[in-house]
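J.: Dropping in data.pdb, which is PDB, N, CA and C atoms, pLDDT in the B column:
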```pdb
ATOM      1  N   MET A   1     -49.648  42.242 -75.403  1.00 51.00           N
ATOM      2  CA  MET A   1     -48.362  41.668 -75.752  1.00 51.00           C
ATOM      3  C   MET A   1     -47.304  42.084 -74.743  1.00 51.00           C
ATOM      4  N   ILE A   2     -46.409  41.191 -74.461  1.00 56.00           N
ATOM      5  CA  ILE A   2     -45.354  41.466 -73.489  1.00 56.00           C
ATOM      6  C   ILE A   2     -44.270  42.320 -74.145  1.00 56.00           C
ATOM      7  N   GLU A   3     -43.893  43.385 -73.464  1.00 61.00           N
ATOM      8  CA  GLU A   3     -42.865  44.282 -73.985  1.00 61.00           C
ATOM      9  C   GLU A   3     -41.485  43.651 -73.812  1.00 61.00           C
ATOM     10  N   ASN A   4     -40.513  44.178 -74.544  1.00 60.00           N
ATOM     11  CA  ASN A   4     -39.148  43.662 -74.453  1.00 60.00           C
ATOM     12  C   ASN A   4     -38.574  43.823 -73.055  1.00 60.00           C
ATOM     13  N   ILE A   5     -38.840  44.942 -72.406  1.00 59.00           N
ATOM     14  CA  ILE A   5     -38.308  45.161 -71.060  1.00 59.00           C
ATOM     15  C   ILE A   5     -38.903  44.154 -70.082  1.00 59.00           C
ATOM     16  N   SER A   6     -40.145  43.756 -70.290  1.00 68.00           N
ATOM     17  CA  SER A   6     -40.775  42.755 -69.431  1.00 68.00           C
ATOM     18  C   SER A   6     -40.105  41.396 -69.598  1.00 68.00           C
ATOM     19  N   LEU A   7     -39.708  41.077 -70.819  1.00 72.00           N
ATOM     20  CA  LEU A   7     -39.016  39.817 -71.054  1.00 72.00           C
ATOM     21  C   LEU A   7     -37.668  39.791 -70.349  1.00 72.00           C
ATOM     22  N   VAL A   8     -36.970  40.923 -70.360  1.00 70.00           N
ATOM     23  CA  VAL A   8     -35.679  41.008 -69.684  1.00 70.00           C
ATOM     24  C   VAL A   8     -35.870  40.865 -68.176  1.00 70.00           C
ATOM     25  N   ASN A   9     -36.944  41.441 -67.655  1.00 78.00           N
ATOM     26  CA  ASN A   9     -37.208  41.356 -66.214  1.00 78.00           C
ATOM     27  C   ASN A   9     -37.629  39.960 -65.775  1.00 78.00           C
ATOM     28  N   LEU A  10     -37.982  39.093 -66.696  1.00 83.00           N
ATOM     29  CA  LEU A  10     -38.355  37.722 -66.346  1.00 83.00           C
ATOM     30  C   LEU A  10     -37.151  36.782 -66.304  1.00 83.00           C
ATOM     31  N   ILE A  11     -36.019  37.215 -66.830  1.00 87.00           N
ATOM     32  CA  ILE A  11     -34.842  36.352 -66.863  1.00 87.00           C
ATOM     33  C   ILE A  11     -34.335  36.040 -65.451  1.00 87.00           C
ATOM     34  N   GLY A  12     -34.245  37.041 -64.595  1.00 89.00           N
ATOM     35  CA  GLY A  12     -33.770  36.838 -63.223  1.00 89.00           C
ATOM     36  C   GLY A  12     -34.643  35.873 -62.434  1.00 89.00           C
ATOM     37  N   PRO A  13     -35.950  36.126 -62.378  1.00 91.00           N
ATOM     38  CA  PRO A  13     -36.824  35.190 -61.673  1.00 91.00           C
ATOM     39  C   PRO A  13     -36.817  33.785 -62.270  1.00 91.00           C
ATOM     40  N   ALA A  14     -36.700  33.693 -63.590  1.00 91.00           N
ATOM     41  CA  ALA A  14     -36.648  32.372 -64.217  1.00 91.00           C
ATOM     42  C   ALA A  14     -35.382  31.630 -63.799  1.00 91.00           C
ATOM     43  N   LEU A  15     -34.265  32.339 -63.721  1.00 93.00           N
ATOM     44  CA  LEU A  15     -33.015  31.716 -63.271  1.00 93.00           C
ATOM     45  C   LEU A  15     -33.108  31.289 -61.805  1.00 93.00           C
ATOM     46  N   MET A  16     -33.774  32.119 -60.986  1.00 93.00           N
ATOM     47  CA  MET A  16     -33.958  31.739 -59.579  1.00 93.00           C
ATOM     48  C   MET A  16     -34.800  30.470 -59.470  1.00 93.00           C
ATOM     49  N   LEU A  17     -35.852  30.370 -60.264  1.00 94.00           N
ATOM     50  CA  LEU A  17     -36.690  29.166 -60.244  1.00 94.00           C
ATOM     51  C   LEU A  17     -35.913  27.945 -60.722  1.00 94.00           C
ATOM     52  N   LEU A  18     -35.060  28.133 -61.723  1.00 95.00           N
ATOM     53  CA  LEU A  18     -34.223  27.025 -62.182  1.00 95.00           C
ATOM     54  C   LEU A  18     -33.264  26.571 -61.092  1.00 95.00           C
ATOM     55  N   TYR A  19     -32.678  27.520 -60.356  1.00 95.00           N
ATOM     56  CA  TYR A  19     -31.765  27.164 -59.264  1.00 95.00           C
ATOM     57  C   TYR A  19     -32.512  26.461 -58.137  1.00 95.00           C
ATOM     58  N   VAL A  20     -33.722  26.918 -57.833  1.00 96.00           N
ATOM     59  CA  VAL A  20     -34.536  26.251 -56.808  1.00 96.00           C
ATOM     60  C   VAL A  20     -34.817  24.818 -57.231  1.00 96.00           C
ATOM     61  N   GLY A  21     -35.158  24.624 -58.494  1.00 96.00           N
ATOM     62  CA  GLY A  21     -35.395  23.273 -58.997  1.00 96.00           C
ATOM     63  C   GLY A  21     -34.153  22.416 -58.921  1.00 96.00           C
ATOM     64  N   TYR A  22     -33.004  22.984 -59.264  1.00 97.00           N
ATOM     65  CA  TYR A  22     -31.736  22.252 -59.196  1.00 97.00           C
ATOM     66  C   TYR A  22     -31.423  21.855 -57.749  1.00 97.00           C
ATOM     67  N   CYS A  23     -31.611  22.793 -56.832  1.00 96.00           N
ATOM     68  CA  CYS A  23     -31.364  22.498 -55.413  1.00 96.00           C
ATOM     69  C   CYS A  23     -32.310  21.420 -54.913  1.00 96.00           C
ATOM     70  N   TRP A  24     -33.561  21.475 -55.338  1.00 96.00           N
ATOM     71  CA  TRP A  24     -34.540  20.488 -54.892  1.00 96.00           C
ATOM     72  C   TRP A  24     -34.207  19.094 -55.417  1.00 96.00           C
ATOM     73  N   VAL A  25     -33.844  19.012 -56.697  1.00 97.00           N
ATOM     74  CA  VAL A  25     -33.533  17.718 -57.295  1.00 97.00           C
ATOM     75  C   VAL A  25     -32.288  17.102 -56.654  1.00 97.00           C
ATOM     76  N   HIS A  26     -31.283  17.923 -56.400  1.00 96.00           N
ATOM     77  CA  HIS A  26     -30.025  17.424 -55.845  1.00 96.00           C
ATOM     78  C   HIS A  26     -29.969  17.488 -54.314  1.00 96.00           C
ATOM     79  N   GLN A  27     -31.044  17.981 -53.707  1.00 95.00           N
ATOM     80  CA  GLN A  27     -31.181  18.038 -52.250  1.00 95.00           C
ATOM     81  C   GLN A  27     -29.973  18.703 -51.578  1.00 95.00           C
ATOM     82  N   GLY A  28     -29.625  19.897 -52.060  1.00 95.00           N
ATOM     83  CA  GLY A  28     -28.535  20.650 -51.474  1.00 95.00           C
ATOM     84  C   GLY A  28     -28.584  22.093 -51.929  1.00 95.00           C
ATOM     85  N   PHE A  29     -27.600  22.880 -51.495  1.00 94.00           N
ATOM     86  CA  PHE A  29     -27.505  24.284 -51.874  1.00 94.00           C
ATOM     87  C   PHE A  29     -26.064  24.730 -51.715  1.00 94.00           C
ATOM     88  N   HIS A  30     -25.731  25.870 -52.329  1.00 93.00           N
ATOM     89  CA  HIS A  30     -24.376  26.390 -52.207  1.00 93.00           C
ATOM     90  C   HIS A  30     -24.314  27.320 -51.014  1.00 93.00           C
ATOM     91  N   HIS A  31     -23.457  26.998 -50.053  1.00 92.00           N
ATOM     92  CA  HIS A  31     -23.265  27.800 -48.856  1.00 92.00           C
ATOM     93  C   HIS A  31     -22.016  28.630 -49.051  1.00 92.00           C
ATOM     94  N   LYS A  32     -22.139  29.955 -48.943  1.00 92.00           N
ATOM     95  CA  LYS A  32     -21.018  30.855 -49.209  1.00 92.00           C
ATOM     96  C   LYS A  32     -19.829  30.509 -48.308  1.00 92.00           C
ATOM     97  N   GLY A  33     -18.691  30.280 -48.927  1.00 93.00           N
ATOM     98  CA  GLY A  33     -17.470  29.987 -48.206  1.00 93.00           C
ATOM     99  C   GLY A  33     -17.303  28.530 -47.822  1.00 93.00           C
ATOM    100  N   LYS A  34     -18.356  27.750 -47.939  1.00 93.00           N
ATOM    101  CA  LYS A  34     -18.291  26.339 -47.542  1.00 93.00           C
ATOM    102  C   LYS A  34     -18.595  25.385 -48.693  1.00 93.00           C
ATOM    103  N   GLY A  35     -19.066  25.930 -49.826  1.00 93.00           N
ATOM    104  CA  GLY A  35     -19.353  25.086 -50.978  1.00 93.00           C
ATOM    105  C   GLY A  35     -20.726  24.443 -50.907  1.00 93.00           C
ATOM    106  N   TRP A  36     -20.879  23.355 -51.652  1.00 94.00           N
ATOM    107  CA  TRP A  36     -22.159  22.658 -51.745  1.00 94.00           C
ATOM    108  C   TRP A  36     -22.429  21.885 -50.470  1.00 94.00           C
ATOM    109  N   LYS A  37     -23.563  22.124 -49.861  1.00 94.00           N
ATOM    110  CA  LYS A  37     -23.971  21.436 -48.639  1.00 94.00           C
ATOM    111  C   LYS A  37     -25.303  20.743 -48.883  1.00 94.00           C
ATOM    112  N   THR A  38     -25.438  19.566 -48.326  1.00 94.00           N
ATOM    113  CA  THR A  38     -26.661  18.804 -48.532  1.00 94.00           C
ATOM    114  C   THR A  38     -27.748  19.238 -47.552  1.00 94.00           C
ATOM    115  N   ARG A  39     -28.945  18.758 -47.826  1.00 95.00           N
ATOM    116  CA  ARG A  39     -30.091  19.053 -46.970  1.00 95.00           C
ATOM    117  C   ARG A  39     -29.890  18.480 -45.569  1.00 95.00           C
ATOM    118  N   GLU A  40     -29.242  17.334 -45.477  1.00 95.00           N
ATOM    119  CA  GLU A  40     -29.019  16.699 -44.179  1.00 95.00           C
ATOM    120  C   GLU A  40     -27.994  17.460 -43.336  1.00 95.00           C
ATOM    121  N   GLU A  41     -26.998  18.065 -43.988  1.00 94.00           N
ATOM    122  CA  GLU A  41     -25.967  18.805 -43.258  1.00 94.00           C
ATOM    123  C   GLU A  41     -26.493  20.130 -42.700  1.00 94.00           C
ATOM    124  N   TYR A  42     -27.243  20.856 -43.521  1.00 94.00           N
ATOM    125  CA  TYR A  42     -27.763  22.168 -43.142  1.00 94.00           C
ATOM    126  C   TYR A  42     -29.243  22.268 -43.518  1.00 94.00           C
ATOM    127  N   PRO A  43     -30.126  21.632 -42.754  1.00 95.00           N
ATOM    128  CA  PRO A  43     -31.546  21.648 -43.133  1.00 95.00           C
ATOM    129  C   PRO A  43     -32.170  23.045 -43.102  1.00 95.00           C
ATOM    130  N   LYS A  44     -31.800  23.869 -42.109  1.00 95.00           N
ATOM    131  CA  LYS A  44     -32.371  25.221 -42.038  1.00 95.00           C
ATOM    132  C   LYS A  44     -31.896  26.076 -43.202  1.00 95.00           C
ATOM    133  N   GLY A  45     -30.634  25.969 -43.564  1.00 94.00           N
ATOM    134  CA  GLY A  45     -30.098  26.716 -44.691  1.00 94.00           C
ATOM    135  C   GLY A  45     -30.727  26.290 -46.002  1.00 94.00           C
ATOM    136  N   PHE A  46     -30.956  24.992 -46.141  1.00 95.00           N
ATOM    137  CA  PHE A  46     -31.593  24.471 -47.348  1.00 95.00           C
ATOM    138  C   PHE A  46     -32.995  25.043 -47.500  1.00 95.00           C
ATOM    139  N   TRP A  47     -33.799  24.943 -46.450  1.00 96.00           N
ATOM    140  CA  TRP A  47     -35.172  25.434 -46.538  1.00 96.00           C
ATOM    141  C   TRP A  47     -35.225  26.946 -46.670  1.00 96.00           C
ATOM    142  N   PHE A  48     -34.310  27.655 -46.017  1.00 96.00           N
ATOM    143  CA  PHE A  48     -34.253  29.106 -46.145  1.00 96.00           C
ATOM    144  C   PHE A  48     -33.989  29.497 -47.600  1.00 96.00           C
ATOM    145  N   THR A  49     -33.039  28.826 -48.235  1.00 95.00           N
ATOM    146  CA  THR A  49     -32.709  29.108 -49.626  1.00 95.00           C
ATOM    147  C   THR A  49     -33.885  28.810 -50.541  1.00 95.00           C
ATOM    148  N   ILE A  50     -34.505  27.648 -50.366  1.00 96.00           N
ATOM    149  CA  ILE A  50     -35.631  27.249 -51.214  1.00 96.00           C
ATOM    150  C   ILE A  50     -36.787  28.231 -51.077  1.00 96.00           C
ATOM    151  N   VAL A  51     -37.200  28.516 -49.865  1.00 97.00           N
ATOM    152  CA  VAL A  51     -38.359  29.383 -49.634  1.00 97.00           C
ATOM    153  C   VAL A  51     -38.069  30.813 -50.074  1.00 97.00           C
ATOM    154  N   LEU A  52     -36.898  31.337 -49.728  1.00 96.00           N
ATOM    155  CA  LEU A  52     -36.569  32.715 -50.079  1.00 96.00           C
ATOM    156  C   LEU A  52     -36.550  32.923 -51.596  1.00 96.00           C
ATOM    157  N   LEU A  53     -35.848  32.059 -52.305  1.00 95.00           N
ATOM    158  CA  LEU A  53     -35.762  32.221 -53.753  1.00 95.00           C
ATOM    159  C   LEU A  53     -37.106  31.965 -54.435  1.00 95.00           C
ATOM    160  N   LEU A  54     -37.879  31.048 -53.910  1.00 95.00           N
ATOM    161  CA  LEU A  54     -39.200  30.779 -54.475  1.00 95.00           C
ATOM    162  C   LEU A  54     -40.126  31.978 -54.299  1.00 95.00           C
ATOM    163  N   VAL A  55     -40.152  32.556 -53.103  1.00 95.00           N
ATOM    164  CA  VAL A  55     -41.005  33.719 -52.841  1.00 95.00           C
ATOM    165  C   VAL A  55     -40.551  34.923 -53.665  1.00 95.00           C
ATOM    166  N   LEU A  56     -39.249  35.175 -53.700  1.00 94.00           N
ATOM    167  CA  LEU A  56     -38.740  36.312 -54.470  1.00 94.00           C
ATOM    168  C   LEU A  56     -39.047  36.179 -55.958  1.00 94.00           C
ATOM    169  N   SER A  57     -38.887  34.985 -56.492  1.00 93.00           N
ATOM    170  CA  SER A  57     -39.147  34.806 -57.920  1.00 93.00           C
ATOM    171  C   SER A  57     -40.636  34.932 -58.228  1.00 93.00           C
ATOM    172  N   ILE A  58     -41.489  34.415 -57.376  1.00 91.00           N
ATOM    173  CA  ILE A  58     -42.934  34.544 -57.602  1.00 91.00           C
ATOM    174  C   ILE A  58     -43.362  36.006 -57.515  1.00 91.00           C
ATOM    175  N   LEU A  59     -42.841  36.723 -56.521  1.00 90.00           N
ATOM    176  CA  LEU A  59     -43.163  38.146 -56.402  1.00 90.00           C
ATOM    177  C   LEU A  59     -42.654  38.941 -57.598  1.00 90.00           C
ATOM    178  N   ALA A  60     -41.457  38.626 -58.068  1.00 88.00           N
ATOM    179  CA  ALA A  60     -40.888  39.345 -59.210  1.00 88.00           C
ATOM    180  C   ALA A  60     -41.672  39.086 -60.488  1.00 88.00           C
ATOM    181  N   ILE A  61     -42.233  37.904 -60.623  1.00 84.00           N
ATOM    182  CA  ILE A  61     -43.032  37.589 -61.808  1.00 84.00           C
ATOM    183  C   ILE A  61     -44.444  38.168 -61.681  1.00 84.00           C
ATOM    184  N   ALA A  62     -45.029  38.078 -60.494  1.00 83.00           N
ATOM    185  CA  ALA A  62     -46.424  38.478 -60.316  1.00 83.00           C
ATOM    186  C   ALA A  62     -46.621  39.981 -60.160  1.00 83.00           C
ATOM    187  N   SER A  63     -45.668  40.690 -59.576  1.00 81.00           N
ATOM    188  CA  SER A  63     -45.882  42.110 -59.302  1.00 81.00           C
ATOM    189  C   SER A  63     -46.098  42.957 -60.555  1.00 81.00           C
ATOM    190  N   PRO A  64     -45.346  42.784 -61.637  1.00 74.00           N
ATOM    191  CA  PRO A  64     -45.661  43.588 -62.831  1.00 74.00           C
ATOM    192  C   PRO A  64     -47.029  43.248 -63.417  1.00 74.00           C
ATOM    193  N   LEU A  65     -47.423  41.991 -63.317  1.00 73.00           N
ATOM    194  CA  LEU A  65     -48.727  41.596 -63.849  1.00 73.00           C
ATOM    195  C   LEU A  65     -49.863  42.204 -63.033  1.00 73.00           C
ATOM    196  N   ILE A  66     -49.690  42.206 -61.711  1.00 76.00           N
ATOM    197  CA  ILE A  66     -50.716  42.770 -60.832  1.00 76.00           C
ATOM    198  C   ILE A  66     -50.783  44.278 -60.997  1.00 76.00           C
ATOM    199  N   LEU A  67     -49.618  44.933 -61.039  1.00 73.00           N
ATOM    200  CA  LEU A  67     -49.600  46.385 -61.169  1.00 73.00           C
ATOM    201  C   LEU A  67     -50.127  46.840 -62.526  1.00 73.00           C
ATOM    202  N   LYS A  68     -49.855  46.069 -63.560  1.00 68.00           N
ATOM    203  CA  LYS A  68     -50.319  46.435 -64.893  1.00 68.00           C
ATOM    204  C   LYS A  68     -51.831  46.322 -64.997  1.00 68.00           C
ATOM    205  N   HIS A  69     -52.422  45.312 -64.382  1.00 64.00           N
ATOM    206  CA  HIS A  69     -53.874  45.117 -64.438  1.00 64.00           C
ATOM    207  C   HIS A  69     -54.597  46.068 -63.479  1.00 64.00           C
ATOM    208  N   GLY A  70     -53.877  46.591 -62.494  1.00 58.00           N
ATOM    209  CA  GLY A  70     -54.496  47.519 -61.554  1.00 58.00           C
ATOM    210  C   GLY A  70     -54.674  48.913 -62.114  1.00 58.00           C
ATOM    211  N   ARG A  71     -53.935  49.246 -63.153  1.00 59.00           N
ATOM    212  CA  ARG A  71     -54.049  50.573 -63.777  1.00 59.00           C
ATOM    213  C   ARG A  71     -55.230  50.609 -64.738  1.00 59.00           C
ATOM    214  N   ILE A  72     -55.760  51.813 -64.865  1.00 51.00           N
ATOM    215  CA  ILE A  72     -56.895  51.983 -65.802  1.00 51.00           C
ATOM    216  C   ILE A  72     -56.422  52.701 -67.047  1.00 51.00           C
TER     217      ILE A  72
END
```
Will you turn the file into structure tokens for me?
T.:
Amino acid sequence: MIENISLVNLIGPALMLLYVGYCWVHQGFHHKGKGWKTREEYPKGFWFTIVLLLVLSILAIASPLILKHGRI
């Protein structure tokens, strides 16, 4: 069974995945100081945001599961 602390630790990665989905659907991202920018305006920034948040959220979700199963 998943502990309460584990559920709290899943909120951040879940929010990151939701933001990645929102950015993907709307084909843009929020650029600090410049506001919402589309994929066409800043393609490198768009892909950097998508890949970074996707990798971080997957690692944050998978690492407790991997570490928990690795213990005896």
J.: Could you pull out all residues of chain A with a DSSP call of alpha helix (DSSP H) and give them as a PyMOL selection string?
T.: chain A and resi 4-26+43-70
J.: Write a file of the just-selected residues containing N, CA and C atoms, as a short mmCIF file (atom, residue, chain, number, x, y, z; two decimals), keeping the file's coordinate frame.
T.:
```cif
data_model
loop_
_atom_site.label_atom_id
_atom_site.label_comp_id
_atom_site.auth_asym_id
_atom_site.auth_seq_id
_atom_site.Cartn_x
_atom_site.Cartn_y
_atom_site.Cartn_z
N ASN A 4 -40.51 44.18 -74.54
CA ASN A 4 -39.15 43.66 -74.45
C ASN A 4 -38.57 43.82 -73.06
N ILE A 5 -38.84 44.94 -72.41
CA ILE A 5 -38.31 45.16 -71.06
C ILE A 5 -38.90 44.15 -70.08
N SER A 6 -40.15 43.76 -70.29
CA SER A 6 -40.78 42.76 -69.43
C SER A 6 -40.10 41.40 -69.60
N LEU A 7 -39.71 41.08 -70.82
CA LEU A 7 -39.02 39.82 -71.05
C LEU A 7 -37.67 39.79 -70.35
N VAL A 8 -36.97 40.92 -70.36
CA VAL A 8 -35.68 41.01 -69.68
C VAL A 8 -35.87 40.86 -68.18
N ASN A 9 -36.94 41.44 -67.66
CA ASN A 9 -37.21 41.36 -66.21
C ASN A 9 -37.63 39.96 -65.78
N LEU A 10 -37.98 39.09 -66.70
CA LEU A 10 -38.35 37.72 -66.35
C LEU A 10 -37.15 36.78 -66.30
N ILE A 11 -36.02 37.22 -66.83
CA ILE A 11 -34.84 36.35 -66.86
C ILE A 11 -34.34 36.04 -65.45
N GLY A 12 -34.24 37.04 -64.60
CA GLY A 12 -33.77 36.84 -63.22
C GLY A 12 -34.64 35.87 -62.43
N PRO A 13 -35.95 36.13 -62.38
CA PRO A 13 -36.82 35.19 -61.67
C PRO A 13 -36.82 33.78 -62.27
N ALA A 14 -36.70 33.69 -63.59
CA ALA A 14 -36.65 32.37 -64.22
C ALA A 14 -35.38 31.63 -63.80
N LEU A 15 -34.26 32.34 -63.72
CA LEU A 15 -33.02 31.72 -63.27
C LEU A 15 -33.11 31.29 -61.80
N MET A 16 -33.77 32.12 -60.99
CA MET A 16 -33.96 31.74 -59.58
C MET A 16 -34.80 30.47 -59.47
N LEU A 17 -35.85 30.37 -60.26
CA LEU A 17 -36.69 29.17 -60.24
C LEU A 17 -35.91 27.94 -60.72
N LEU A 18 -35.06 28.13 -61.72
CA LEU A 18 -34.22 27.02 -62.18
C LEU A 18 -33.26 26.57 -61.09
N TYR A 19 -32.68 27.52 -60.36
CA TYR A 19 -31.76 27.16 -59.26
C TYR A 19 -32.51 26.46 -58.14
N VAL A 20 -33.72 26.92 -57.83
CA VAL A 20 -34.54 26.25 -56.81
C VAL A 20 -34.82 24.82 -57.23
N GLY A 21 -35.16 24.62 -58.49
CA GLY A 21 -35.40 23.27 -59.00
C GLY A 21 -34.15 22.42 -58.92
N TYR A 22 -33.00 22.98 -59.26
CA TYR A 22 -31.74 22.25 -59.20
C TYR A 22 -31.42 21.86 -57.75
N CYS A 23 -31.61 22.79 -56.83
CA CYS A 23 -31.36 22.50 -55.41
C CYS A 23 -32.31 21.42 -54.91
N TRP A 24 -33.56 21.48 -55.34
CA TRP A 24 -34.54 20.49 -54.89
C TRP A 24 -34.21 19.09 -55.42
N VAL A 25 -33.84 19.01 -56.70
CA VAL A 25 -33.53 17.72 -57.30
C VAL A 25 -32.29 17.10 -56.65
N HIS A 26 -31.28 17.92 -56.40
CA HIS A 26 -30.02 17.42 -55.84
C HIS A 26 -29.97 17.49 -54.31
N PRO A 43 -30.13 21.63 -42.75
CA PRO A 43 -31.55 21.65 -43.13
C PRO A 43 -32.17 23.04 -43.10
N LYS A 44 -31.80 23.87 -42.11
CA LYS A 44 -32.37 25.22 -42.04
C LYS A 44 -31.90 26.08 -43.20
N GLY A 45 -30.63 25.97 -43.56
CA GLY A 45 -30.10 26.72 -44.69
C GLY A 45 -30.73 26.29 -46.00
N PHE A 46 -30.96 24.99 -46.14
CA PHE A 46 -31.59 24.47 -47.35
C PHE A 46 -32.99 25.04 -47.50
N TRP A 47 -33.80 24.94 -46.45
CA TRP A 47 -35.17 25.43 -46.54
C TRP A 47 -35.22 26.95 -46.67
N PHE A 48 -34.31 27.66 -46.02
CA PHE A 48 -34.25 29.11 -46.14
C PHE A 48 -33.99 29.50 -47.60
N THR A 49 -33.04 28.83 -48.24
CA THR A 49 -32.71 29.11 -49.63
C THR A 49 -33.88 28.81 -50.54
N ILE A 50 -34.51 27.65 -50.37
CA ILE A 50 -35.63 27.25 -51.21
C ILE A 50 -36.79 28.23 -51.08
N VAL A 51 -37.20 28.52 -49.86
CA VAL A 51 -38.36 29.38 -49.63
C VAL A 51 -38.07 30.81 -50.07
N LEU A 52 -36.90 31.34 -49.73
CA LEU A 52 -36.57 32.72 -50.08
C LEU A 52 -36.55 32.92 -51.60
N LEU A 53 -35.85 32.06 -52.30
CA LEU A 53 -35.76 32.22 -53.75
C LEU A 53 -37.11 31.96 -54.44
N LEU A 54 -37.88 31.05 -53.91
CA LEU A 54 -39.20 30.78 -54.48
C LEU A 54 -40.13 31.98 -54.30
N VAL A 55 -40.15 32.56 -53.10
CA VAL A 55 -41.00 33.72 -52.84
C VAL A 55 -40.55 34.92 -53.66
N LEU A 56 -39.25 35.17 -53.70
CA LEU A 56 -38.74 36.31 -54.47
C LEU A 56 -39.05 36.18 -55.96
N SER A 57 -38.89 34.98 -56.49
CA SER A 57 -39.15 34.81 -57.92
C SER A 57 -40.64 34.93 -58.23
N ILE A 58 -41.49 34.42 -57.38
CA ILE A 58 -42.93 34.54 -57.60
C ILE A 58 -43.36 36.01 -57.52
N LEU A 59 -42.84 36.72 -56.52
CA LEU A 59 -43.16 38.15 -56.40
C LEU A 59 -42.65 38.94 -57.60
N ALA A 60 -41.46 38.63 -58.07
CA ALA A 60 -40.89 39.34 -59.21
C ALA A 60 -41.67 39.09 -60.49
N ILE A 61 -42.23 37.90 -60.62
CA ILE A 61 -43.03 37.59 -61.81
C ILE A 61 -44.44 38.17 -61.68
N ALA A 62 -45.03 38.08 -60.49
CA ALA A 62 -46.42 38.48 -60.32
C ALA A 62 -46.62 39.98 -60.16
N SER A 63 -45.67 40.69 -59.58
CA SER A 63 -45.88 42.11 -59.30
C SER A 63 -46.10 42.96 -60.56
N PRO A 64 -45.35 42.78 -61.64
CA PRO A 64 -45.66 43.59 -62.83
C PRO A 64 -47.03 43.25 -63.42
N LEU A 65 -47.42 41.99 -63.32
CA LEU A 65 -48.73 41.60 -63.85
C LEU A 65 -49.86 42.20 -63.03
N ILE A 66 -49.69 42.21 -61.71
CA ILE A 66 -50.72 42.77 -60.83
C ILE A 66 -50.78 44.28 -61.00
N LEU A 67 -49.62 44.93 -61.04
CA LEU A 67 -49.60 46.38 -61.17
C LEU A 67 -50.13 46.84 -62.53
N LYS A 68 -49.86 46.07 -63.56
CA LYS A 68 -50.32 46.44 -64.89
C LYS A 68 -51.83 46.32 -65.00
N HIS A 69 -52.42 45.31 -64.38
CA HIS A 69 -53.87 45.12 -64.44
C HIS A 69 -54.60 46.07 -63.48
N GLY A 70 -53.88 46.59 -62.49
CA GLY A 70 -54.50 47.52 -61.55
C GLY A 70 -54.67 48.91 -62.11
#
```
J.: Could you write out as a PyMOL selection string the residues that the PyMOL selection byres (((chain A and resi 7-24 and name CA) around 10) and name CA) matches in the shown file?
T.: chain A and resi 2-6+25-30+36+38-39+46-47+49-61+64
J.: Would you compute the distance between atom CA of A:His31 and atom N of A:Ala62? Give it in Å to one decimal.
T.: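 Straight-line distance from atom CA of A:His31 to atom N of A:Ala62 works out to 26.7 Å.
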J.: Expressed in Å to a single decimal, how great is the separation between atom CA of A:Gly45 and atom C of A:Lys32?
T.: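 Going from atom CA of A:Gly45 over to atom C of A:Lys32 covers 11.5 Å.
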J.: I need the residues in chain A that are strand (DSSP E or B) according to DSSP; give them as a list in words.
T.: Gly28, Phe29, His30, His31, Gly35, Trp36, Lys37 and Thr38 of chain A
J.: How many Å lie between atom N of A:Phe48 and atom C of A:Gly35, rounded to one decimal?
T.: 14.8 Å
